[in-house]
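Enquirer: Before I ask anything, here is the structure I am working with.
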Amino acid sequence: MIFKKSLNNNIALAEDPEGNELIVIGTGIGFKKVKGQTLRREEIQKTFRIGADERYQRIEQFFNEIPLPVIDIADQIIQLGHQYIGARINDSILLPLSDHIHYALERLEKKLEIQSPLQWEVRHLYPKEFMAGQKAVALINEAFQVILPESEASFIALHFVNAQIEHGTMNQTLKITTMINQILHLMTEHFNMKLEQDSMNYSRFITHLRYFIVRQMNKVTLSFKDEHFLYDVLSERYPDSYECVRKIKQFVEQEYGFHINKDEMVYLIIHVERMTSRSGAE
């Protein structure tokens, strides 16, 4: 790997054999290096690839402002997320997660606490991510000898959720979480029943809703063969689930300007039927 520029004593910009620019982290790796110098493998502790849509100036500023121990703990939390969530976590989470941890520690020092507006929703809609968030908070507390507020688990969980959505933003993740909660509320009112939040069907339904909303936000149309046939069969076989999905369609179209076609309705009917046929009434 070739050295290109020092960002500080422990962080540098480098280039790999394929010509890709990377941020490399290691003790003293940016100290008194000359452009074009070869970096030894043992000098490099971590690497961070610069995405095509990343602004180099922002990344340089970030690595100059955030202490290395914070970046290190964020990297450990990402690995923890891979372990607990079992889903694809985009490693680009390193920047926003490190930034969040850094300012969470600063807020704690100044005795400022920010409550997550969706703390209850995050705990119940994303249980795996929330559990990973709790483990992350414990890791931070141990590493920095602090006691972060419990609300930080929800914030970190949202970072994990966001990292599973390609090109997602935190604002988008918050909006998706709010919409999922609204849809679930509509379902519980329609069926007058409590949904089993610990069931596999519930977990699958939340995942489906997440990607359903992302498709609508990105104006991606879902389509498959025999849509009219399946739609007609399912609407007749499961009239109550069909009526619930019709309400969901009406709600998201009126509130968010989405356009829900029959293909999306077919999948929603299937998931709603699975959910409600195996959930117990209150």
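Each chain in the structure tokens gets a letter, A, B and so on, in the order shown; residues start at 1 in every chain, and ligands are counted from 1 in the order they appear.
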Quick one: which stretch 49-152 of chain A residues come within 8 Å of stretch 168-182 of chain A, and what is the nearest atom pair for each with the distance in Å to one decimal, counting only C-alpha atoms, rows ordered by chain and ascending number, as a Markdown table?
Expert:
```
| residue | atom | partner | partner_atom | distance |
| --- | --- | --- | --- | --- |
| A:Leu118 | CA | A:Thr178 | CA | 7.8 |
| A:Glu121 | CA | A:Asn181 | CA | 6.9 |
| A:Val122 | CA | A:Thr177 | CA | 7.5 |
| A:Leu125 | CA | A:Thr177 | CA | 7.8 |
```
Enquirer: Excluding A:Ile11 and residues on its chain fewer than 6 positions from it, collect all residues at most 9 Å away from it, counting only C-alpha atoms, and give them as a PDB file with N, CA and C atoms, in the first residue's frame.
Expert:
```pdb
ATOM      1  N   ILE A  23      -8.477   5.079   3.771  1.00  0.00           N
ATOM      2  CA  ILE A  23      -7.973   5.655   5.013  1.00  0.00           C
ATOM      3  C   ILE A  23      -7.330   4.508   5.789  1.00  0.00           C
ATOM      4  N   VAL A  24      -6.093   4.694   6.217  1.00  0.00           N
ATOM      5  CA  VAL A  24      -5.411   3.666   7.002  1.00  0.00           C
ATOM      6  C   VAL A  24      -5.138   4.204   8.394  1.00  0.00           C
ATOM      7  N   ILE A  25      -5.329   3.334   9.380  1.00  0.00           N
ATOM      8  CA  ILE A  25      -5.175   3.723  10.777  1.00  0.00           C
ATOM      9  C   ILE A  25      -4.117   2.846  11.423  1.00  0.00           C
ATOM     10  N   GLY A  26      -3.226   3.466  12.167  1.00  0.00           N
ATOM     11  CA  GLY A  26      -2.177   2.733  12.864  1.00  0.00           C
ATOM     12  C   GLY A  26      -1.335   3.702  13.676  1.00  0.00           C
ATOM     13  N   THR A  27      -0.791   3.254  14.774  1.00  0.00           N
ATOM     14  CA  THR A  27       0.003   4.128  15.633  1.00  0.00           C
ATOM     15  C   THR A  27       1.219   4.665  14.879  1.00  0.00           C
ATOM     16  N   GLY A  28       1.272   5.991  14.731  1.00  0.00           N
ATOM     17  CA  GLY A  28       2.402   6.644  14.069  1.00  0.00           C
ATOM     18  C   GLY A  28       2.434   6.507  12.563  1.00  0.00           C
ATOM     19  N   ILE A  29       1.358   6.012  11.953  1.00  0.00           N
ATOM     20  CA  ILE A  29       1.388   5.732  10.517  1.00  0.00           C
ATOM     21  C   ILE A  29       1.468   7.007   9.674  1.00  0.00           C
ATOM     22  N   GLY A  30       1.007   8.137  10.226  1.00  0.00           N
ATOM     23  CA  GLY A  30       1.057   9.385   9.467  1.00  0.00           C
ATOM     24  C   GLY A  30       2.236  10.275   9.835  1.00  0.00           C
ATOM     25  N   PHE A  31       3.122   9.792  10.682  1.00  0.00           N
ATOM     26  CA  PHE A  31       4.221  10.629  11.197  1.00  0.00           C
ATOM     27  C   PHE A  31       5.464  10.537  10.302  1.00  0.00           C
ATOM     28  N   PHE A  63     -11.682  12.505  10.542  1.00  0.00           N
ATOM     29  CA  PHE A  63     -10.606  11.768  11.181  1.00  0.00           C
ATOM     30  C   PHE A  63      -9.666  12.682  11.966  1.00  0.00           C
ATOM     31  N   ASN A  64      -9.699  13.975  11.692  1.00  0.00           N
ATOM     32  CA  ASN A  64      -8.916  14.920  12.477  1.00  0.00           C
ATOM     33  C   ASN A  64      -9.620  15.312  13.768  1.00  0.00           C
ATOM     34  N   LEU A  68      -8.919   8.698  18.155  1.00  0.00           N
ATOM     35  CA  LEU A  68      -8.704   7.325  17.695  1.00  0.00           C
ATOM     36  C   LEU A  68      -9.387   6.279  18.595  1.00  0.00           C
TER      37      LEU A  68
END
```
Enquirer: Please identify every residue of stretch 35-108 of chain A that has at least one atom no farther than 10 Å from an atom of stretch 3-6 of chain A, counting only C-alpha atoms, and for each give the shortest atom pair and the distance in Å to one decimal, arranged by chain then increasing number, as a Markdown table.
Expert:
```
| residue | atom | partner | partner_atom | distance |
| --- | --- | --- | --- | --- |
| A:Lys35 | CA | A:Lys4 | CA | 4.8 |
| A:Gly36 | CA | A:Phe3 | CA | 5.4 |
| A:Gln37 | CA | A:Phe3 | CA | 5.3 |
| A:Thr38 | CA | A:Phe3 | CA | 6.1 |
| A:Leu39 | CA | A:Phe3 | CA | 6.3 |
| A:Glu60 | CA | A:Ser6 | CA | 9.6 |
```
Enquirer: Could you make a table, as a Markdown table, of the residues of stretch 70-162 of chain A that have an atom within 12 Å of an atom of stretch 187-200 of chain A, each with its nearest atom pair and distance in Å to one decimal, counting only C-alpha atoms, in chain and number order?
Expert:
```
| residue | atom | partner | partner_atom | distance |
| --- | --- | --- | --- | --- |
| A:Glu121 | CA | A:Gln197 | CA | 11.6 |
| A:Arg123 | CA | A:Gln197 | CA | 10.6 |
| A:His124 | CA | A:Gln197 | CA | 7.1 |
| A:Leu125 | CA | A:Gln197 | CA | 8.1 |
| A:Tyr126 | CA | A:Gln197 | CA | 10.1 |
| A:Pro127 | CA | A:Asp198 | CA | 8.9 |
| A:Lys128 | CA | A:Asp198 | CA | 11.0 |
```
Enquirer: Based on the selection just made, write C-alpha atoms of those residues as a tab-separated table (two decimals), in the first residue's frame.
Expert:
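result.tsv was written with the following content:
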```tsv
chain	number	residue	atom	x	y	z
A	121	GLU	CA	-40.74	1.79	18.69
A	123	ARG	CA	-37.10	-1.57	21.08
A	124	HIS	CA	-40.15	-3.39	19.68
A	125	LEU	CA	-39.67	-3.04	15.91
A	126	TYR	CA	-35.95	-3.85	15.82
A	127	PRO	CA	-35.27	-6.22	18.77
A	128	LYS	CA	-31.97	-7.59	17.38
```
Enquirer: Just asking: which residues within stretch 23-253 of chain A are strand (DSSP E) according to DSSP, as number ranges by chain?
Expert: A: 23-25, 46-49
Enquirer: Tell me, as a ChimeraX atom specification, which residues lie within 12 Å of A:Asp232, counting only C-alpha atoms; anything in the same chain fewer than 5 positions away does not count.
Expert: /A:226-227,237-239,242,262-263,265-266,269
Enquirer: Emit the selected residues as a PDB file, in the first residue's frame, including C-alpha atoms.
Expert:
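Listing of again04.pdb after writing:
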```
ATOM      1  CA  ASP A 226     -49.811 -13.729 -12.794  1.00  0.00           C
ATOM      2  CA  GLU A 227     -50.314 -10.751 -10.457  1.00  0.00           C
ATOM      3  CA  ARG A 237     -59.581 -16.448   0.223  1.00  0.00           C
ATOM      4  CA  TYR A 238     -58.499 -13.926   2.889  1.00  0.00           C
ATOM      5  CA  PRO A 239     -61.087 -11.125   2.788  1.00  0.00           C
ATOM      6  CA  TYR A 242     -57.337  -8.019   2.055  1.00  0.00           C
ATOM      7  CA  LYS A 262     -51.380  -5.197  -6.953  1.00  0.00           C
ATOM      8  CA  ASP A 263     -48.000  -6.928  -6.699  1.00  0.00           C
ATOM      9  CA  MET A 265     -50.714  -5.809  -2.183  1.00  0.00           C
ATOM     10  CA  VAL A 266     -50.310  -9.547  -2.841  1.00  0.00           C
ATOM     11  CA  ILE A 269     -51.908  -9.787   2.116  1.00  0.00           C
TER      12      ILE A 269
END
```
Enquirer: With only C-alpha atoms as the basis for distance, which of A:Met217, A:Cys244, A:Ile71, A:Leu184 is at the shortest distance from A:Leu97?
Expert: A:Ile71
Enquirer: Quick check for you: according to DSSP on this backbone, which residues of stretch 73-266 of chain A are classed as helix (DSSP H, G or I)? Reply as a VMD selection string.
Expert: chain A and resid 73 to 85 91 to 109 119 to 125 127 to 144 151 to 163 170 to 191 200 to 217 227 to 237 239 to 256 262 to 266
Enquirer: Using only C-alpha atoms, which residues sit within 9 Å of A:Asp75 once same-chain residues fewer than 3 positions away are excluded, as a count of residues only?
Expert: 10
Enquirer: Excluding same-chain residues fewer than 6 positions from A:Phe258, what lies within 9 Å of it counting only C-alpha atoms, as a list in words?
Expert: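 Neighbouring residues, sequence-local ones excluded: Ile213, Gln216, Met217, Lys219, Lys249 and Val252 of chain A.
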Enquirer: Using only C-alpha atoms, can you tell me which of A:Arg215, A:His259, A:Arg246, A:Arg49 comes closest to A:Asn90?
Expert: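 For A:Asn90, the nearest of the candidates is A:Arg49.
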